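Asker: One structure, as structure tokens, below. Some questions next.
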Amino acid sequence: MSARTYVLLVLGLCAAVLVPVVALNLLLAANSLRVDKNQLASDWQQSTRGVTYAPPISHNRPFKTLRLNDRIAEINTLVFGSSTTMGITEDAFPPPLKDYNFAQSGNSLSAVIGEAEYVVERWGAQMKLMVIPLDWALGFVYEKDVPVRAELTPESVLRTAVLEHPSVLAQLTDAFSLPRLKILGRIARELVRAADASAAFRQIFFEPAGLPYRCADGTPARDFDVVYRGMCNGFRYDGSATFADQKRLDASSARVVLASAVSSGAQYAAALRRGRGKPNQVLLDRLARLARRAGTQGGNVVVMLPPLMPGLEAGLSHTTHSGKWLSATKSMLEAWSLREGVTLLDAGRSERFGCTASEFIDPHHALPDCYRKVYARFFDGRQGLLAPAAAPNR
């Protein structure tokens, strides 16, 4: 066999493998783009009160914005933030507070302030309570960004979706990515096991969503992406996340995770080191102004230091690399809250509220069990926060 023939043979074999793979991944991408899955998933959840999400699950601002506009007439409480507050469920709040969890993956404090300003401006008369996290552990309180008022209309979601439509080159690049190849491999295994492979193929590659099913607790669920199908992973009707793709910490894993989390090389020490114990005063000033405006409309703003796994904050406070920065951060936030009259809920040392390591999936993501304990303690004796809210103002 000549060298030229050998090279052509190798290239042909590679093409025989890669062309179908790329074609199938592009077909999956086209199925996601040909319809507005954010709208489909939102409409389905509104009619069923089930668990769902729109792809990609890590970019949930469009979906959450549509859900907020659908739910706004029913609620008087809003939770903002990033994934660290997605564990807050409606039943964490006593009646008559009715909550929607508007937290979004990776949402910074500056973005949250812009969202909350929009809400106070448009729906402030009906908002009894707004919860805004101050995530020092993720570095959000130290960021130098200046908040920009958000636009949370359904029309803005449509405009954003059009602008974010990926180019052909971007789709090709994504088709070759390792995550996409892994997803395709899983789909291939599912098709092999399927009783009717052709029907399963049509469902995955041409239908906008999987078939409806039930979660373990009986809640209806439907997946509008091929990732996490059948896992009941996504967002509940109240906006909180199920975290069904994650495992809880246990006694053994918690010890290892905690030891790593308090080290000088961990992200928490890095965040404190970058901030040097000085939260961005611009962000705090805007928060104080927001709280005052909400107060004039009969509402309350609670700023919260989200719960961290038991032992993490205490461990960091005793280290030479982070202790002084953590103490300075806490002191500044406490002094600010007293000076401005803003309610501060410090849940960082979650063990003080009775939370356990098994109520976390990692050092900074608390599950609903922990948040219920935190808010049960917080609302004890705070009846003023539970007065009836104003009528909805759409």
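Ordered as shown in the structure tokens, chains take letters A, B, and onward, while each chain numbers its residues from 1 and ligands are numbered from 1 in the order shown.
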DSSP on the backbone: which residues in range 276-367 of chain A end up as helix (DSSP H, G or I)? Give the answer as a ChimeraX atom specification.

Answerer: /A:281-296,312-317,323-340,350-353,357-359

Asker: Go ahead and save the picked residues with N, CA and C atoms, as a compact mmCIF listing (two decimals), in the first residue's frame.

Answerer:
```txt
# COMPACT_ATOMS: atom_id res chain seq x y z
N GLN A 281 -18.36 49.98 47.82
CA GLN A 281 -19.27 50.94 48.43
C GLN A 281 -20.34 51.40 47.46
N VAL A 282 -20.03 51.43 46.17
CA VAL A 282 -21.03 51.82 45.17
C VAL A 282 -22.21 50.86 45.19
N LEU A 283 -21.93 49.56 45.29
CA LEU A 283 -22.99 48.56 45.34
C LEU A 283 -23.82 48.72 46.62
N LEU A 284 -23.14 48.96 47.73
CA LEU A 284 -23.85 49.13 49.00
C LEU A 284 -24.72 50.38 48.98
N ASP A 285 -24.22 51.46 48.40
CA ASP A 285 -25.02 52.69 48.31
C ASP A 285 -26.28 52.47 47.48
N ARG A 286 -26.14 51.76 46.37
CA ARG A 286 -27.31 51.49 45.53
C ARG A 286 -28.31 50.59 46.26
N LEU A 287 -27.80 49.63 47.02
CA LEU A 287 -28.68 48.76 47.80
C LEU A 287 -29.45 49.55 48.85
N ALA A 288 -28.76 50.46 49.53
CA ALA A 288 -29.42 51.28 50.54
C ALA A 288 -30.51 52.14 49.92
N ARG A 289 -30.22 52.71 48.75
CA ARG A 289 -31.20 53.53 48.05
C ARG A 289 -32.40 52.68 47.64
N LEU A 290 -32.12 51.46 47.17
CA LEU A 290 -33.19 50.54 46.78
C LEU A 290 -34.08 50.20 47.98
N ALA A 291 -33.45 49.93 49.12
CA ALA A 291 -34.22 49.58 50.32
C ALA A 291 -35.10 50.73 50.76
N ARG A 292 -34.59 51.96 50.66
CA ARG A 292 -35.39 53.12 51.05
C ARG A 292 -36.59 53.28 50.13
N ARG A 293 -36.37 53.10 48.83
CA ARG A 293 -37.48 53.25 47.90
C ARG A 293 -38.52 52.16 48.12
N ALA A 294 -38.06 50.93 48.35
CA ALA A 294 -39.01 49.85 48.63
C ALA A 294 -39.80 50.15 49.90
N GLY A 295 -39.12 50.72 50.89
CA GLY A 295 -39.80 51.04 52.15
C GLY A 295 -40.89 52.06 51.99
N THR A 296 -40.71 53.02 51.09
CA THR A 296 -41.76 54.04 50.87
C THR A 296 -43.01 53.43 50.24
N LEU A 312 -17.04 25.98 57.42
CA LEU A 312 -16.25 26.71 56.42
C LEU A 312 -15.90 28.11 56.89
N GLU A 313 -16.90 28.87 57.28
CA GLU A 313 -16.62 30.25 57.68
C GLU A 313 -15.79 30.29 58.96
N ALA A 314 -16.12 29.42 59.90
CA ALA A 314 -15.35 29.37 61.14
C ALA A 314 -13.90 28.98 60.85
N GLY A 315 -13.72 28.03 59.93
CA GLY A 315 -12.37 27.61 59.59
C GLY A 315 -11.57 28.72 58.94
N LEU A 316 -12.19 29.44 58.01
CA LEU A 316 -11.49 30.54 57.34
C LEU A 316 -11.14 31.66 58.31
N SER A 317 -12.04 31.90 59.28
CA SER A 317 -11.81 33.00 60.22
C SER A 317 -10.58 32.78 61.08
N GLY A 323 -8.42 35.15 57.57
CA GLY A 323 -9.16 35.57 58.75
C GLY A 323 -9.39 37.06 58.84
N LYS A 324 -8.36 37.85 58.60
CA LYS A 324 -8.52 39.30 58.76
C LYS A 324 -9.41 39.89 57.68
N TRP A 325 -9.35 39.33 56.45
CA TRP A 325 -10.18 39.86 55.36
C TRP A 325 -11.65 39.52 55.59
N LEU A 326 -11.90 38.31 56.11
CA LEU A 326 -13.28 37.92 56.41
C LEU A 326 -13.86 38.77 57.54
N SER A 327 -13.05 38.99 58.58
CA SER A 327 -13.51 39.82 59.69
C SER A 327 -13.80 41.25 59.24
N ALA A 328 -12.93 41.79 58.39
CA ALA A 328 -13.13 43.16 57.90
C ALA A 328 -14.39 43.26 57.05
N THR A 329 -14.62 42.26 56.21
CA THR A 329 -15.82 42.25 55.36
C THR A 329 -17.08 42.22 56.21
N LYS A 330 -17.11 41.33 57.18
CA LYS A 330 -18.29 41.21 58.04
C LYS A 330 -18.52 42.51 58.83
N SER A 331 -17.47 43.08 59.34
CA SER A 331 -17.61 44.31 60.13
C SER A 331 -18.15 45.45 59.27
N MET A 332 -17.66 45.56 58.05
CA MET A 332 -18.12 46.64 57.18
C MET A 332 -19.58 46.46 56.81
N LEU A 333 -19.99 45.23 56.51
CA LEU A 333 -21.38 44.98 56.14
C LEU A 333 -22.32 45.20 57.32
N GLU A 334 -21.90 44.79 58.49
CA GLU A 334 -22.74 44.99 59.68
C GLU A 334 -22.90 46.48 59.99
N ALA A 335 -21.79 47.23 59.90
CA ALA A 335 -21.86 48.67 60.16
C ALA A 335 -22.73 49.37 59.12
N TRP A 336 -22.60 48.96 57.88
CA TRP A 336 -23.43 49.54 56.81
C TRP A 336 -24.90 49.27 57.05
N SER A 337 -25.25 48.04 57.39
CA SER A 337 -26.67 47.70 57.59
C SER A 337 -27.27 48.48 58.74
N LEU A 338 -26.50 48.69 59.81
CA LEU A 338 -27.00 49.47 60.96
C LEU A 338 -27.14 50.94 60.58
N ARG A 339 -26.17 51.46 59.86
CA ARG A 339 -26.20 52.88 59.49
C ARG A 339 -27.35 53.19 58.54
N GLU A 340 -27.60 52.29 57.59
CA GLU A 340 -28.62 52.52 56.57
C GLU A 340 -29.98 51.96 56.94
N SER A 350 -23.74 28.39 58.86
CA SER A 350 -25.03 27.69 58.78
C SER A 350 -25.26 26.76 59.96
N GLU A 351 -24.18 26.31 60.60
CA GLU A 351 -24.34 25.41 61.74
C GLU A 351 -25.09 26.09 62.88
N ARG A 352 -25.05 27.41 62.94
CA ARG A 352 -25.79 28.14 63.97
C ARG A 352 -27.30 28.03 63.77
N PHE A 353 -27.71 27.70 62.58
CA PHE A 353 -29.14 27.55 62.27
C PHE A 353 -29.56 26.08 62.27
N ALA A 357 -23.98 19.20 56.94
CA ALA A 357 -23.26 19.06 55.68
C ALA A 357 -24.10 18.36 54.62
N SER A 358 -24.98 17.47 55.04
CA SER A 358 -25.82 16.74 54.09
C SER A 358 -26.86 17.62 53.42
N GLU A 359 -26.98 18.87 53.89
CA GLU A 359 -27.91 19.83 53.28
C GLU A 359 -27.19 20.77 52.31
```

Asker: Near range 121-127 of chain A, within 12 Å and counting only C-alpha atoms, which residues show up once chain neighbours fewer than 4 positions away are dropped, as a PyMOL selection string?

Answerer: chain A and resi 68-69+72-79+96-100+114-117+131+149-153+290-301+385-394

Asker: Near Pro154 in chain A, counting only C-alpha atoms, which residues have an atom at most 9 Å away, once you skip same-chain residues fewer than 3 positions from it, shown as a ChimeraX atom specification?

Answerer: /A:62,65-66,69,157-159

Asker: For CA of Pro133 in chain A and CA of Gln267 in chain A, quote the distance in Å rounded to one decimal.

Answerer: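 These atoms are spaced 18.0 Å apart.
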
Asker: Could you please determine the separation between CA of Gln46 in chain A and CA of Arg236 in chain A in Å, to one decimal place?

Answerer: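 Value for the CA of Gln46 in chain A-CA of Arg236 in chain A distance: 10.6 Å.
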
Asker: Which residues are close to range 237-254 of chain A, i.e. within 10 Å by only C-alpha atoms, leaving aside same-chain residues fewer than 4 positions away? Reply as a PyMOL selection string.

Answerer: chain A and resi 42+45-46+48-53+64+67-68+71+75+78-79+83+85-91+98-104+228+231-233+258-260+309-311+356-363+365-368

Asker: Those same residues - N, CA and C atoms - I'd like them written as a short mmCIF file (atom, residue, chain, number, x, y, z; two decimals), in the first residue's frame.

Answerer:
```
data_model
loop_
_atom_site.label_atom_id
_atom_site.label_comp_id
_atom_site.auth_asym_id
_atom_site.auth_seq_id
_atom_site.Cartn_x
_atom_site.Cartn_y
_atom_site.Cartn_z
N SER A 42 -41.70 27.68 29.51
CA SER A 42 -42.43 28.56 30.43
C SER A 42 -43.93 28.31 30.35
N GLN A 45 -44.77 25.00 32.06
CA GLN A 45 -44.73 25.08 33.51
C GLN A 45 -45.92 25.88 34.07
N GLN A 46 -46.31 26.92 33.36
CA GLN A 46 -47.44 27.73 33.83
C GLN A 46 -48.73 26.91 33.85
N THR A 48 -48.91 23.48 34.06
CA THR A 48 -48.83 22.23 34.81
C THR A 48 -48.27 22.37 36.22
N ARG A 49 -47.56 23.48 36.49
CA ARG A 49 -46.84 23.69 37.74
C ARG A 49 -45.78 22.62 37.95
N GLY A 50 -45.25 22.12 36.87
CA GLY A 50 -44.25 21.06 36.95
C GLY A 50 -42.82 21.56 36.97
N VAL A 51 -41.88 20.62 36.90
CA VAL A 51 -40.44 20.91 36.90
C VAL A 51 -39.94 20.89 35.47
N THR A 52 -39.22 21.93 35.09
CA THR A 52 -38.69 21.97 33.72
C THR A 52 -37.55 22.97 33.64
N TYR A 53 -36.97 23.08 32.45
CA TYR A 53 -35.93 24.06 32.17
C TYR A 53 -35.83 24.22 30.67
N LYS A 64 -36.22 32.41 33.25
CA LYS A 64 -36.65 32.97 34.52
C LYS A 64 -37.41 34.29 34.33
N ARG A 67 -40.88 33.45 33.28
CA ARG A 67 -41.62 32.91 34.42
C ARG A 67 -42.02 34.02 35.40
N LEU A 68 -41.12 34.96 35.63
CA LEU A 68 -41.44 36.06 36.53
C LEU A 68 -42.65 36.84 36.04
N ARG A 71 -45.75 34.87 36.70
CA ARG A 71 -46.08 34.65 38.11
C ARG A 71 -46.35 35.93 38.88
N ILE A 75 -47.58 36.76 43.34
CA ILE A 75 -46.53 36.78 44.35
C ILE A 75 -46.40 38.15 45.02
N LEU A 78 -39.80 38.20 46.34
CA LEU A 78 -38.86 37.80 45.28
C LEU A 78 -37.50 37.48 45.89
N VAL A 79 -36.92 36.38 45.43
CA VAL A 79 -35.54 36.03 45.79
C VAL A 79 -34.66 36.28 44.57
N SER A 83 -26.80 30.98 41.67
CA SER A 83 -27.23 29.62 42.01
C SER A 83 -27.14 29.34 43.51
N THR A 85 -28.54 30.88 45.82
CA THR A 85 -29.86 31.08 46.46
C THR A 85 -30.97 30.29 45.77
N MET A 86 -30.61 29.46 44.80
CA MET A 86 -31.63 28.68 44.10
C MET A 86 -32.27 27.62 44.98
N GLY A 87 -31.69 27.35 46.15
CA GLY A 87 -32.27 26.37 47.06
C GLY A 87 -33.39 26.92 47.91
N ILE A 88 -33.72 28.21 47.76
CA ILE A 88 -34.79 28.80 48.57
C ILE A 88 -36.14 28.50 47.92
N THR A 89 -36.96 27.72 48.58
CA THR A 89 -38.28 27.36 48.08
C THR A 89 -39.34 28.24 48.74
N GLU A 90 -40.52 28.26 48.14
CA GLU A 90 -41.58 29.13 48.65
C GLU A 90 -41.97 28.78 50.08
N ASP A 91 -41.90 27.48 50.43
CA ASP A 91 -42.32 27.09 51.77
C ASP A 91 -41.32 27.50 52.86
N LYS A 98 -45.68 35.06 49.45
CA LYS A 98 -45.72 34.12 48.32
C LYS A 98 -44.55 34.46 47.40
N ASP A 99 -43.65 33.53 47.27
CA ASP A 99 -42.35 33.81 46.68
C ASP A 99 -42.19 33.26 45.27
N TYR A 100 -41.39 34.00 44.46
CA TYR A 100 -40.81 33.42 43.25
C TYR A 100 -39.30 33.59 43.34
N ASN A 101 -38.58 32.51 43.07
CA ASN A 101 -37.11 32.52 43.13
C ASN A 101 -36.57 32.90 41.76
N PHE A 102 -36.09 34.13 41.65
CA PHE A 102 -35.61 34.67 40.39
C PHE A 102 -34.10 34.53 40.23
N ALA A 103 -33.46 33.77 41.10
CA ALA A 103 -32.01 33.60 41.04
C ALA A 103 -31.60 32.93 39.73
N GLN A 104 -30.46 33.35 39.20
CA GLN A 104 -29.96 32.84 37.92
C GLN A 104 -28.49 32.46 38.04
N TYR A 228 -29.94 15.77 30.80
CA TYR A 228 -30.66 15.51 32.05
C TYR A 228 -32.06 14.95 31.84
N MET A 231 -34.46 13.06 34.62
CA MET A 231 -33.85 13.19 35.95
C MET A 231 -34.61 14.11 36.88
N CYS A 232 -35.63 14.79 36.38
CA CYS A 232 -36.35 15.79 37.18
C CYS A 232 -35.41 16.91 37.61
N ASN A 233 -34.48 17.24 36.73
CA ASN A 233 -33.54 18.32 37.00
C ASN A 233 -34.08 19.61 36.36
N LEU A 258 -14.28 20.19 53.12
CA LEU A 258 -14.02 21.29 54.04
C LEU A 258 -12.52 21.59 54.14
N ALA A 259 -11.72 20.56 54.23
CA ALA A 259 -10.27 20.76 54.32
C ALA A 259 -9.75 21.51 53.10
N SER A 260 -10.29 21.18 51.94
CA SER A 260 -9.86 21.86 50.71
C SER A 260 -10.39 23.29 50.67
N MET A 309 -21.30 25.74 54.02
CA MET A 309 -21.30 24.45 54.70
C MET A 309 -20.73 24.59 56.11
N PRO A 310 -21.26 23.82 57.06
CA PRO A 310 -20.81 23.94 58.44
C PRO A 310 -19.29 23.84 58.56
N GLY A 311 -18.72 24.79 59.29
CA GLY A 311 -17.29 24.78 59.53
C GLY A 311 -16.47 25.62 58.57
N THR A 356 -26.76 21.03 58.38
CA THR A 356 -25.75 19.98 58.38
C THR A 356 -25.10 19.88 57.00
N ALA A 357 -23.98 19.20 56.94
CA ALA A 357 -23.26 19.06 55.68
C ALA A 357 -24.10 18.36 54.62
N SER A 358 -24.98 17.47 55.04
CA SER A 358 -25.82 16.74 54.09
C SER A 358 -26.86 17.62 53.42
N GLU A 359 -26.98 18.87 53.89
CA GLU A 359 -27.91 19.83 53.28
C GLU A 359 -27.19 20.77 52.31
N PHE A 360 -26.02 20.32 51.85
CA PHE A 360 -25.23 21.06 50.86
C PHE A 360 -24.77 20.10 49.77
N ILE A 361 -24.56 20.65 48.57
CA ILE A 361 -23.98 19.85 47.49
C ILE A 361 -22.51 20.20 47.30
N ASP A 362 -22.10 21.33 47.85
CA ASP A 362 -20.71 21.76 47.85
C ASP A 362 -20.60 22.86 48.91
N PRO A 363 -19.45 23.47 49.10
CA PRO A 363 -19.33 24.41 50.21
C PRO A 363 -20.25 25.62 50.17
N HIS A 365 -23.38 25.87 48.10
CA HIS A 365 -24.73 25.65 47.58
C HIS A 365 -25.56 24.89 48.61
N ALA A 366 -26.41 25.64 49.32
CA ALA A 366 -27.29 25.03 50.32
C ALA A 366 -28.58 24.55 49.67
N LEU A 367 -29.10 23.44 50.17
CA LEU A 367 -30.34 22.87 49.66
C LEU A 367 -31.53 23.41 50.48
N PRO A 368 -32.75 23.16 50.01
CA PRO A 368 -33.94 23.70 50.70
C PRO A 368 -34.01 23.38 52.19
#
```

Asker: Between A:Asp217, A:Asp380, A:Asp135, A:Asp70, which has the minimum distance to Gly348 in chain A (counting only C-alpha atoms)?

Answerer: A:Asp135
